[in-house]
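Next comes model_15.pdb, with PDB, C-alpha atoms and all ligand atoms.
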```pdb
ATOM      1  CA  MET V   1    -147.671 116.808-135.260  1.00  0.00           C
ATOM      2  CA  THR V   2    -150.891 118.020-136.845  1.00  0.00           C
ATOM      3  CA  VAL V   3    -153.762 115.590-137.335  1.00  0.00           C
ATOM      4  CA  ASN V   4    -156.641 117.007-139.331  1.00  0.00           C
ATOM      5  CA  ASP V   5    -157.417 120.253-137.497  1.00  0.00           C
ATOM      6  CA  LYS V   6    -155.568 119.539-134.235  1.00  0.00           C
ATOM      7  CA  THR V   7    -151.984 120.078-133.093  1.00  0.00           C
ATOM      8  CA  PHE V   8    -150.321 117.570-130.783  1.00  0.00           C
ATOM      9  CA  VAL V   9    -147.084 118.149-128.866  1.00  0.00           C
ATOM     10  CA  PRO V  10    -144.588 115.667-127.298  1.00  0.00           C
ATOM     11  CA  PHE V  11    -145.729 114.074-124.040  1.00  0.00           C
ATOM     12  CA  ILE V  12    -144.267 110.617-123.276  1.00  0.00           C
ATOM     13  CA  PRO V  13    -141.234 109.634-125.377  1.00  0.00           C
ATOM     14  CA  ALA V  14    -140.911 106.146-126.841  1.00  0.00           C
ATOM     15  CA  GLU V  15    -137.973 105.266-124.593  1.00  0.00           C
ATOM     16  CA  SER V  16    -139.916 106.018-121.409  1.00  0.00           C
ATOM     17  CA  ILE V  17    -142.832 103.956-122.682  1.00  0.00           C
ATOM     18  CA  GLN V  18    -140.579 100.972-123.382  1.00  0.00           C
ATOM     19  CA  ASN V  19    -138.810 101.249-120.011  1.00  0.00           C
ATOM     20  CA  ARG V  20    -142.089 101.392-118.145  1.00  0.00           C
ATOM     21  CA  ILE V  21    -143.483  98.413-120.063  1.00  0.00           C
ATOM     22  CA  GLN V  22    -140.410  96.395-119.059  1.00  0.00           C
ATOM     23  CA  GLU V  23    -141.136  97.231-115.415  1.00  0.00           C
ATOM     24  CA  LEU V  24    -144.790  96.208-115.742  1.00  0.00           C
ATOM     25  CA  ALA V  25    -143.764  92.969-117.476  1.00  0.00           C
ATOM     26  CA  SER V  26    -141.300  92.024-114.746  1.00  0.00           C
ATOM     27  CA  GLN V  27    -143.997  92.597-112.146  1.00  0.00           C
ATOM     28  CA  ILE V  28    -146.349  90.343-114.122  1.00  0.00           C
ATOM     29  CA  ASN V  29    -143.575  87.745-114.512  1.00  0.00           C
ATOM     30  CA  GLN V  30    -143.295  87.633-110.715  1.00  0.00           C
ATOM     31  CA  ASP V  31    -147.016  87.711-109.981  1.00  0.00           C
ATOM     32  CA  TYR V  32    -147.825  84.947-112.486  1.00  0.00           C
ATOM     33  CA  ALA V  33    -144.658  82.870-111.974  1.00  0.00           C
ATOM     34  CA  ASP V  34    -146.596  79.627-111.597  1.00  0.00           C
ATOM     35  CA  LYS V  35    -149.495  80.502-113.917  1.00  0.00           C
ATOM     36  CA  LYS V  36    -150.239  80.727-117.635  1.00  0.00           C
ATOM     37  CA  PRO V  37    -152.237  83.936-118.059  1.00  0.00           C
ATOM     38  CA  LEU V  38    -154.388  84.808-121.051  1.00  0.00           C
ATOM     39  CA  LEU V  39    -153.930  88.386-122.221  1.00  0.00           C
ATOM     40  CA  VAL V  40    -157.276  89.792-123.368  1.00  0.00           C
ATOM     41  CA  VAL V  41    -156.471  92.774-125.560  1.00  0.00           C
ATOM     42  CA  ILE V  42    -159.035  95.489-126.201  1.00  0.00           C
ATOM     43  CA  LEU V  43    -158.814  96.580-129.841  1.00  0.00           C
ATOM     44  CA  ASN V  44    -157.869  98.806-131.486  1.00  0.00           C
ATOM     45  CA  GLY V  45    -155.913 101.085-129.188  1.00  0.00           C
ATOM     46  CA  ALA V  46    -154.079  98.510-127.060  1.00  0.00           C
ATOM     47  CA  PHE V  47    -152.444  96.536-129.860  1.00  0.00           C
ATOM     48  CA  LEU V  48    -148.964  98.077-129.617  1.00  0.00           C
ATOM     49  CA  PHE V  49    -148.933  98.044-125.819  1.00  0.00           C
ATOM     50  CA  ALA V  50    -150.024  94.395-125.803  1.00  0.00           C
ATOM     51  CA  ALA V  51    -147.317  93.440-128.304  1.00  0.00           C
ATOM     52  CA  ASP V  52    -144.509  95.132-126.366  1.00  0.00           C
ATOM     53  CA  LEU V  53    -145.823  93.853-123.039  1.00  0.00           C
ATOM     54  CA  MET V  54    -146.008  90.283-124.314  1.00  0.00           C
ATOM     55  CA  LYS V  55    -142.480  90.449-125.763  1.00  0.00           C
ATOM     56  CA  ASN V  56    -141.223  91.209-122.255  1.00  0.00           C
ATOM     57  CA  LEU V  57    -143.098  88.350-120.575  1.00  0.00           C
ATOM     58  CA  THR V  58    -140.984  85.293-119.874  1.00  0.00           C
ATOM     59  CA  ILE V  59    -143.742  83.169-118.346  1.00  0.00           C
ATOM     60  CA  PRO V  60    -145.913  80.942-120.547  1.00  0.00           C
ATOM     61  CA  CYS V  61    -148.811  83.098-121.739  1.00  0.00           C
ATOM     62  CA  GLU V  62    -151.460  83.299-124.430  1.00  0.00           C
ATOM     63  CA  ILE V  63    -153.229  86.173-126.122  1.00  0.00           C
ATOM     64  CA  THR V  64    -156.701  86.893-127.510  1.00  0.00           C
ATOM     65  CA  PHE V  65    -158.400  90.027-128.789  1.00  0.00           C
ATOM     66  CA  LEU V  66    -161.800  91.618-128.431  1.00  0.00           C
ATOM     67  CA  ARG V  67    -163.629  94.752-129.433  1.00  0.00           C
ATOM     68  CA  VAL V  68    -166.456  96.589-127.804  1.00  0.00           C
ATOM     69  CA  SER V  69    -169.481  97.525-129.844  1.00  0.00           C
ATOM     70  CA  SER V  70    -170.708 101.073-130.010  1.00  0.00           C
ATOM     71  CA  TYR V  71    -174.136  99.418-129.611  1.00  0.00           C
ATOM     72  CA  LYS V  72    -175.710 100.575-126.408  1.00  0.00           C
ATOM     73  CA  GLY V  73    -178.283  98.330-124.825  1.00  0.00           C
ATOM     74  CA  THR V  74    -179.878  99.256-121.569  1.00  0.00           C
ATOM     75  CA  SER V  75    -179.028  97.701-118.249  1.00  0.00           C
ATOM     76  CA  SER V  76    -179.328  98.682-114.635  1.00  0.00           C
ATOM     77  CA  THR V  77    -176.124 100.672-115.018  1.00  0.00           C
ATOM     78  CA  GLY V  78    -177.392 102.541-118.067  1.00  0.00           C
ATOM     79  CA  GLN V  79    -175.600 102.159-121.364  1.00  0.00           C
ATOM     80  CA  LEU V  80    -173.806  98.891-121.900  1.00  0.00           C
ATOM     81  CA  LYS V  81    -171.085  98.215-124.438  1.00  0.00           C
ATOM     82  CA  GLU V  82    -171.213  94.655-125.685  1.00  0.00           C
ATOM     83  CA  ILE V  83    -168.028  92.635-126.168  1.00  0.00           C
ATOM     84  CA  LEU V  84    -167.460  91.199-129.630  1.00  0.00           C
ATOM     85  CA  GLY V  85    -165.090  88.669-131.112  1.00  0.00           C
ATOM     86  CA  LEU V  86    -164.097  86.697-128.039  1.00  0.00           C
ATOM     87  CA  THR V  87    -163.456  83.184-129.378  1.00  0.00           C
ATOM     88  CA  GLU V  88    -161.206  81.779-126.655  1.00  0.00           C
ATOM     89  CA  PRO V  89    -162.801  79.872-123.739  1.00  0.00           C
ATOM     90  CA  ILE V  90    -161.957  81.858-120.623  1.00  0.00           C
ATOM     91  CA  ALA V  91    -163.555  79.771-117.863  1.00  0.00           C
ATOM     92  CA  SER V  92    -160.928  78.954-115.207  1.00  0.00           C
ATOM     93  CA  ARG V  93    -158.277  81.073-116.946  1.00  0.00           C
ATOM     94  CA  ASP V  94    -156.167  83.791-115.332  1.00  0.00           C
ATOM     95  CA  LEU V  95    -157.078  86.815-117.413  1.00  0.00           C
ATOM     96  CA  ILE V  96    -155.080  89.997-117.818  1.00  0.00           C
ATOM     97  CA  VAL V  97    -157.222  92.549-119.631  1.00  0.00           C
ATOM     98  CA  VAL V  98    -154.934  94.842-121.629  1.00  0.00           C
ATOM     99  CA  GLU V  99    -156.273  98.341-122.308  1.00  0.00           C
ATOM    100  CA  ASP V 100    -154.712 101.473-123.806  1.00  0.00           C
ATOM    101  CA  ILE V 101    -156.235 104.076-121.507  1.00  0.00           C
ATOM    102  CA  VAL V 102    -158.736 104.257-118.666  1.00  0.00           C
ATOM    103  CA  ASP V 103    -160.640 107.522-118.808  1.00  0.00           C
ATOM    104  CA  THR V 104    -164.112 107.410-117.211  1.00  0.00           C
ATOM    105  CA  GLY V 105    -163.621 103.655-116.689  1.00  0.00           C
ATOM    106  CA  ARG V 106    -166.971 102.842-118.350  1.00  0.00           C
ATOM    107  CA  THR V 107    -165.510 100.695-121.128  1.00  0.00           C
ATOM    108  CA  LEU V 108    -163.417  98.581-118.806  1.00  0.00           C
ATOM    109  CA  ASN V 109    -166.223  98.251-116.266  1.00  0.00           C
ATOM    110  CA  ASP V 110    -168.563  96.880-118.924  1.00  0.00           C
ATOM    111  CA  ILE V 111    -165.929  94.509-120.265  1.00  0.00           C
ATOM    112  CA  CYS V 112    -164.922  93.175-116.861  1.00  0.00           C
ATOM    113  CA  GLU V 113    -168.549  92.689-115.842  1.00  0.00           C
ATOM    114  CA  GLN V 114    -169.186  90.576-118.940  1.00  0.00           C
ATOM    115  CA  LEU V 115    -165.937  88.623-118.632  1.00  0.00           C
ATOM    116  CA  ARG V 116    -166.554  87.764-114.969  1.00  0.00           C
ATOM    117  CA  VAL V 117    -169.849  86.087-115.895  1.00  0.00           C
ATOM    118  CA  LEU V 118    -167.825  83.624-118.002  1.00  0.00           C
ATOM    119  CA  GLY V 119    -166.060  82.282-114.899  1.00  0.00           C
ATOM    120  CA  PRO V 120    -162.351  83.101-115.130  1.00  0.00           C
ATOM    121  CA  SER V 121    -160.134  82.030-112.188  1.00  0.00           C
ATOM    122  CA  SER V 122    -158.857  85.570-111.867  1.00  0.00           C
ATOM    123  CA  LEU V 123    -159.067  88.873-113.684  1.00  0.00           C
ATOM    124  CA  ALA V 124    -156.449  91.595-113.574  1.00  0.00           C
ATOM    125  CA  ILE V 125    -156.202  94.830-115.531  1.00  0.00           C
ATOM    126  CA  ALA V 126    -153.164  96.254-117.267  1.00  0.00           C
ATOM    127  CA  THR V 127    -153.554  99.725-118.729  1.00  0.00           C
ATOM    128  CA  LEU V 128    -150.832 101.810-120.297  1.00  0.00           C
ATOM    129  CA  LEU V 129    -152.440 105.108-119.306  1.00  0.00           C
ATOM    130  CA  PHE V 130    -154.837 106.174-116.572  1.00  0.00           C
ATOM    131  CA  LYS V 131    -156.585 109.520-116.097  1.00  0.00           C
ATOM    132  CA  PRO V 132    -157.543 109.434-112.385  1.00  0.00           C
ATOM    133  CA  GLU V 133    -159.454 112.726-112.586  1.00  0.00           C
ATOM    134  CA  ALA V 134    -161.885 111.339-115.155  1.00  0.00           C
ATOM    135  CA  LEU V 135    -162.688 108.051-113.367  1.00  0.00           C
ATOM    136  CA  LEU V 136    -166.387 107.827-112.500  1.00  0.00           C
ATOM    137  CA  LYS V 137    -166.337 105.055-109.931  1.00  0.00           C
ATOM    138  CA  PRO V 138    -163.445 103.436-108.117  1.00  0.00           C
ATOM    139  CA  MET V 139    -161.903 100.432-109.820  1.00  0.00           C
ATOM    140  CA  LYS V 140    -158.847  98.327-109.120  1.00  0.00           C
ATOM    141  CA  LEU V 141    -156.180  98.744-111.786  1.00  0.00           C
ATOM    142  CA  ASP V 142    -153.465  96.148-111.210  1.00  0.00           C
ATOM    143  CA  TYR V 143    -150.807  97.371-113.647  1.00  0.00           C
ATOM    144  CA  VAL V 144    -150.721 101.035-114.671  1.00  0.00           C
ATOM    145  CA  GLY V 145    -148.079 102.424-117.015  1.00  0.00           C
ATOM    146  CA  PHE V 146    -148.566 106.143-116.444  1.00  0.00           C
ATOM    147  CA  GLU V 147    -151.076 108.242-114.537  1.00  0.00           C
ATOM    148  CA  ILE V 148    -151.752 111.326-116.638  1.00  0.00           C
ATOM    149  CA  GLU V 149    -153.777 114.490-116.351  1.00  0.00           C
ATOM    150  CA  ASN V 150    -157.170 114.747-118.013  1.00  0.00           C
ATOM    151  CA  ARG V 151    -156.016 115.772-121.496  1.00  0.00           C
ATOM    152  CA  PHE V 152    -156.477 114.122-124.894  1.00  0.00           C
ATOM    153  CA  VAL V 153    -153.490 112.041-125.990  1.00  0.00           C
ATOM    154  CA  LEU V 154    -152.555 110.205-129.164  1.00  0.00           C
ATOM    155  CA  GLY V 155    -149.846 107.911-130.476  1.00  0.00           C
ATOM    156  CA  TYR V 156    -148.525 104.461-129.582  1.00  0.00           C
ATOM    157  CA  GLY V 157    -151.814 102.855-130.625  1.00  0.00           C
ATOM    158  CA  LEU V 158    -154.120 105.701-129.616  1.00  0.00           C
ATOM    159  CA  ASP V 159    -155.797 107.649-132.412  1.00  0.00           C
ATOM    160  CA  TYR V 160    -157.527 110.869-133.260  1.00  0.00           C
ATOM    161  CA  ASP V 161    -160.094 110.287-136.012  1.00  0.00           C
ATOM    162  CA  GLY V 162    -158.321 107.030-136.872  1.00  0.00           C
ATOM    163  CA  LEU V 163    -154.912 108.671-137.298  1.00  0.00           C
ATOM    164  CA  GLY V 164    -151.775 108.924-135.175  1.00  0.00           C
ATOM    165  CA  ARG V 165    -151.644 105.337-133.918  1.00  0.00           C
ATOM    166  CA  ASN V 166    -148.286 104.809-135.631  1.00  0.00           C
ATOM    167  CA  SER V 167    -146.375 107.360-133.539  1.00  0.00           C
ATOM    168  CA  ALA V 168    -143.836 105.605-131.275  1.00  0.00           C
ATOM    169  CA  ASP V 169    -144.159 108.511-128.823  1.00  0.00           C
ATOM    170  CA  ILE V 170    -147.310 109.608-127.025  1.00  0.00           C
ATOM    171  CA  LEU V 171    -148.370 113.172-127.823  1.00  0.00           C
ATOM    172  CA  VAL V 172    -150.885 115.457-126.163  1.00  0.00           C
ATOM    173  CA  LEU V 173    -153.355 117.940-127.598  1.00  0.00           C
ATOM    174  CA  GLU V 174    -151.796 121.381-127.455  1.00  0.00           C
TER     175      GLU V 174
HETATM  176  P1  LIG W 201    -163.563 105.213-120.862  1.00  0.00           P
HETATM  177  O1  LIG W 201    -164.629 104.213-121.134  1.00  0.00           O
HETATM  178  O2  LIG W 201    -162.602 104.795-119.774  1.00  0.00           O
HETATM  179  O3  LIG W 201    -164.100 106.590-120.633  1.00  0.00           O
HETATM  180  O4  LIG W 201    -162.748 105.400-122.211  1.00  0.00           O
HETATM  181  C1  LIG W 201    -161.799 104.497-122.635  1.00  0.00           C
HETATM  182  C2  LIG W 201    -161.616 104.601-124.119  1.00  0.00           C
HETATM  183  O5  LIG W 201    -161.776 105.943-124.604  1.00  0.00           O
HETATM  184  C3  LIG W 201    -160.197 104.227-124.466  1.00  0.00           C
HETATM  185  O6  LIG W 201    -160.074 102.840-124.716  1.00  0.00           O
HETATM  186  C4  LIG W 201    -159.918 105.075-125.683  1.00  0.00           C
HETATM  187  O7  LIG W 201    -160.354 104.387-126.838  1.00  0.00           O
HETATM  188  C5  LIG W 201    -160.761 106.304-125.486  1.00  0.00           C
HETATM  189  N1  LIG W 201    -159.982 107.407-124.895  1.00  0.00           N
HETATM  190  C6  LIG W 201    -160.100 107.929-123.662  1.00  0.00           C
HETATM  191  N2  LIG W 201    -159.243 108.931-123.470  1.00  0.00           N
HETATM  192  C7  LIG W 201    -158.541 109.054-124.621  1.00  0.00           C
HETATM  193  C8  LIG W 201    -157.463 109.928-125.038  1.00  0.00           C
HETATM  194  O8  LIG W 201    -156.954 110.808-124.326  1.00  0.00           O
HETATM  195  N3  LIG W 201    -156.995 109.731-126.310  1.00  0.00           N
HETATM  196  C9  LIG W 201    -157.502 108.776-127.155  1.00  0.00           C
HETATM  197  N4  LIG W 201    -156.968 108.677-128.377  1.00  0.00           N
HETATM  198  N5  LIG W 201    -158.507 107.943-126.778  1.00  0.00           N
HETATM  199  C10 LIG W 201    -159.004 108.081-125.524  1.00  0.00           C
END
```

Give the structure from the file, written as structure tokens.
Amino acid sequence: MTVNDKTFVPFIPAESIQNRIQELASQINQDYADKKPLLVVILNGAFLFAADLMKNLTIPCEITFLRVSSYKGTSSTGQLKEILGLTEPIASRDLIVVEDIVDTGRTLNDICEQLRVLGPSSLAIATLLFKPEALLKPMKLDYVGFEIENRFVLGYGLDYDGLGRNSADILVLE
């Protein structure tokens, strides 16, 4: 597949993605058997993953969506991405933050820091993809779909210049 000037080749086929999501969902079904988690989906990239994950959950659960701004304020940690659009009260809720990919981990770190201030009962992370080589500081990822090498991927919600999200397979930059 060619997107603008770049060529992407097959990487993770749709069937493997769906099988892995079923495994993650059954783990979550067990771990949250007596709970009613709130899925907090990071837009835009995680929308397909969140939809397929939620379809495979059999426990009572709810969903909400947020974005991170490209606005960068300053904090002790340097640049901070602000969370936008969170309307749901999350105090005393069991949160599962749903992300498409953890690269340096900066985005998720900022989000989790800001969510924790709002007093959830618990906070877990589900990410479809994880690039361990790119991670800047250690963080606990509770549910990981696939660990991948440090290469640029697209498809299944992930874009390049806004395109490619509609591919059912994940592709990698040639
Ligand atoms: P981090 O803050 O962990 O460095 O970056 C996370 C965000 O960067 C992801 O939510 C995603 O939007 C973007 N990102 C990181 N790696 C990739 C990649 O390989 N492909 C695409 N399409 N986006 C990526």

Listed atoms of ligand LIG 201 (chain W) boxed along x, y and z, 4 Å each side, centre and edge lengths in Å, one decimal, as JSON:
```
{"center_x": -160.8, "center_y": 106.8, "center_z": -124.1, "size_x": 15.7, "size_y": 16.0, "size_z": 16.6}
```

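Applied to the file shown here, the PyMOL selection byres (((chain V and resi 6) around 12) and not hetatm) selects the residues Met1, Thr2, Val3, Asn4, Asp5, Thr7, Phe8, Val9, Phe152, Val153, Leu154, Tyr160, Asp161, Leu163, Gly164, Leu171, Val172, Leu173 and Glu174 of chain V.
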
>> Applying the PyMOL selection byres (((chain V and resi 54) around 12) and not hetatm) to the file I just gave you, which residues come out? Please list them as a ChimeraX atom specification.
In response: /V:21-22,24-26,28-29,37-41,46-53,55-64,96,98,126

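With only C-alpha atoms and all ligand atoms as the basis for measurement, V:Ser69 is the residue among V:Gln27, V:Ser92, V:Ser122, V:Ser69 that approaches ligand LIG 201 (chain W) most closely.
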
Go through chain V and flag each residue having an atom no more than 9 Å from ligand LIG 201 (chain W); for those, report the closest pair of atoms plus their distance in Å to one decimal, using all atoms listed in the file, ordered by chain and rising number, as a Markdown table.
```
| residue | atom | partner | partner_atom | distance |
| --- | --- | --- | --- | --- |
| V:Ile42 | CA | W:LIG201 | O6 | 7.6 |
| V:Leu43 | CA | W:LIG201 | O6 | 8.2 |
| V:Asn44 | CA | W:LIG201 | O7 | 7.7 |
| V:Gly45 | CA | W:LIG201 | O7 | 6.0 |
| V:Ala46 | CA | W:LIG201 | O6 | 7.8 |
| V:Glu99 | CA | W:LIG201 | O6 | 6.4 |
| V:Asp100 | CA | W:LIG201 | O6 | 5.6 |
| V:Ile101 | CA | W:LIG201 | C3 | 4.9 |
| V:Val102 | CA | W:LIG201 | O2 | 4.1 |
| V:Asp103 | CA | W:LIG201 | O2 | 3.5 |
| V:Thr104 | CA | W:LIG201 | O3 | 3.5 |
| V:Gly105 | CA | W:LIG201 | O2 | 3.4 |
| V:Arg106 | CA | W:LIG201 | O1 | 3.9 |
| V:Thr107 | CA | W:LIG201 | O1 | 3.6 |
| V:Leu108 | CA | W:LIG201 | O1 | 6.2 |
| V:Asn109 | CA | W:LIG201 | O1 | 7.9 |
| V:Asp110 | CA | W:LIG201 | O1 | 8.6 |
| V:Leu129 | CA | W:LIG201 | O8 | 8.8 |
| V:Phe130 | CA | W:LIG201 | O2 | 8.5 |
| V:Lys131 | CA | W:LIG201 | N2 | 7.9 |
| V:Ala134 | CA | W:LIG201 | O3 | 7.6 |
| V:Leu135 | CA | W:LIG201 | O2 | 7.2 |
| V:Leu136 | CA | W:LIG201 | O3 | 8.5 |
| V:Asn150 | CA | W:LIG201 | O8 | 7.4 |
| V:Arg151 | CA | W:LIG201 | O8 | 5.8 |
| V:Phe152 | CA | W:LIG201 | O8 | 3.4 |
| V:Val153 | CA | W:LIG201 | O8 | 4.0 |
| V:Leu154 | CA | W:LIG201 | N4 | 4.7 |
| V:Gly155 | CA | W:LIG201 | N4 | 7.5 |
| V:Gly157 | CA | W:LIG201 | N4 | 8.1 |
| V:Leu158 | CA | W:LIG201 | N4 | 4.3 |
| V:Asp159 | CA | W:LIG201 | N4 | 4.3 |
| V:Tyr160 | CA | W:LIG201 | N4 | 5.4 |
| V:Asp161 | CA | W:LIG201 | N4 | 8.4 |
| V:Gly162 | CA | W:LIG201 | N4 | 8.8 |
| V:Gly164 | CA | W:LIG201 | N4 | 8.6 |
| V:Arg165 | CA | W:LIG201 | N4 | 8.4 |
| V:Val172 | CA | W:LIG201 | O8 | 7.9 |
| V:Leu173 | CA | W:LIG201 | O8 | 8.6 |
```

Kindly save the residues from that selection, with C-alpha atoms included, as a short mmCIF file (atom, residue, chain, number, x, y, z; two decimals), keeping the file's coordinate frame.
```
data_model
loop_
_atom_site.label_atom_id
_atom_site.label_comp_id
_atom_site.auth_asym_id
_atom_site.auth_seq_id
_atom_site.Cartn_x
_atom_site.Cartn_y
_atom_site.Cartn_z
CA ILE V 42 -159.04 95.49 -126.20
CA LEU V 43 -158.81 96.58 -129.84
CA ASN V 44 -157.87 98.81 -131.49
CA GLY V 45 -155.91 101.08 -129.19
CA ALA V 46 -154.08 98.51 -127.06
CA GLU V 99 -156.27 98.34 -122.31
CA ASP V 100 -154.71 101.47 -123.81
CA ILE V 101 -156.24 104.08 -121.51
CA VAL V 102 -158.74 104.26 -118.67
CA ASP V 103 -160.64 107.52 -118.81
CA THR V 104 -164.11 107.41 -117.21
CA GLY V 105 -163.62 103.66 -116.69
CA ARG V 106 -166.97 102.84 -118.35
CA THR V 107 -165.51 100.70 -121.13
CA LEU V 108 -163.42 98.58 -118.81
CA ASN V 109 -166.22 98.25 -116.27
CA ASP V 110 -168.56 96.88 -118.92
CA LEU V 129 -152.44 105.11 -119.31
CA PHE V 130 -154.84 106.17 -116.57
CA LYS V 131 -156.58 109.52 -116.10
CA ALA V 134 -161.88 111.34 -115.16
CA LEU V 135 -162.69 108.05 -113.37
CA LEU V 136 -166.39 107.83 -112.50
CA ASN V 150 -157.17 114.75 -118.01
CA ARG V 151 -156.02 115.77 -121.50
CA PHE V 152 -156.48 114.12 -124.89
CA VAL V 153 -153.49 112.04 -125.99
CA LEU V 154 -152.56 110.20 -129.16
CA GLY V 155 -149.85 107.91 -130.48
CA GLY V 157 -151.81 102.86 -130.62
CA LEU V 158 -154.12 105.70 -129.62
CA ASP V 159 -155.80 107.65 -132.41
CA TYR V 160 -157.53 110.87 -133.26
CA ASP V 161 -160.09 110.29 -136.01
CA GLY V 162 -158.32 107.03 -136.87
CA GLY V 164 -151.78 108.92 -135.18
CA ARG V 165 -151.64 105.34 -133.92
CA VAL V 172 -150.88 115.46 -126.16
CA LEU V 173 -153.35 117.94 -127.60
#
```

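Counting from atom CA of V:Glu147, the distance to atom CA of V:Ala124 is 17.5 Å.
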
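With distances restricted to all atoms listed in the file, V:Arg93 is the closest residue to V:Leu123 from V:Lys81, V:Arg93, V:Lys36, V:Arg67.
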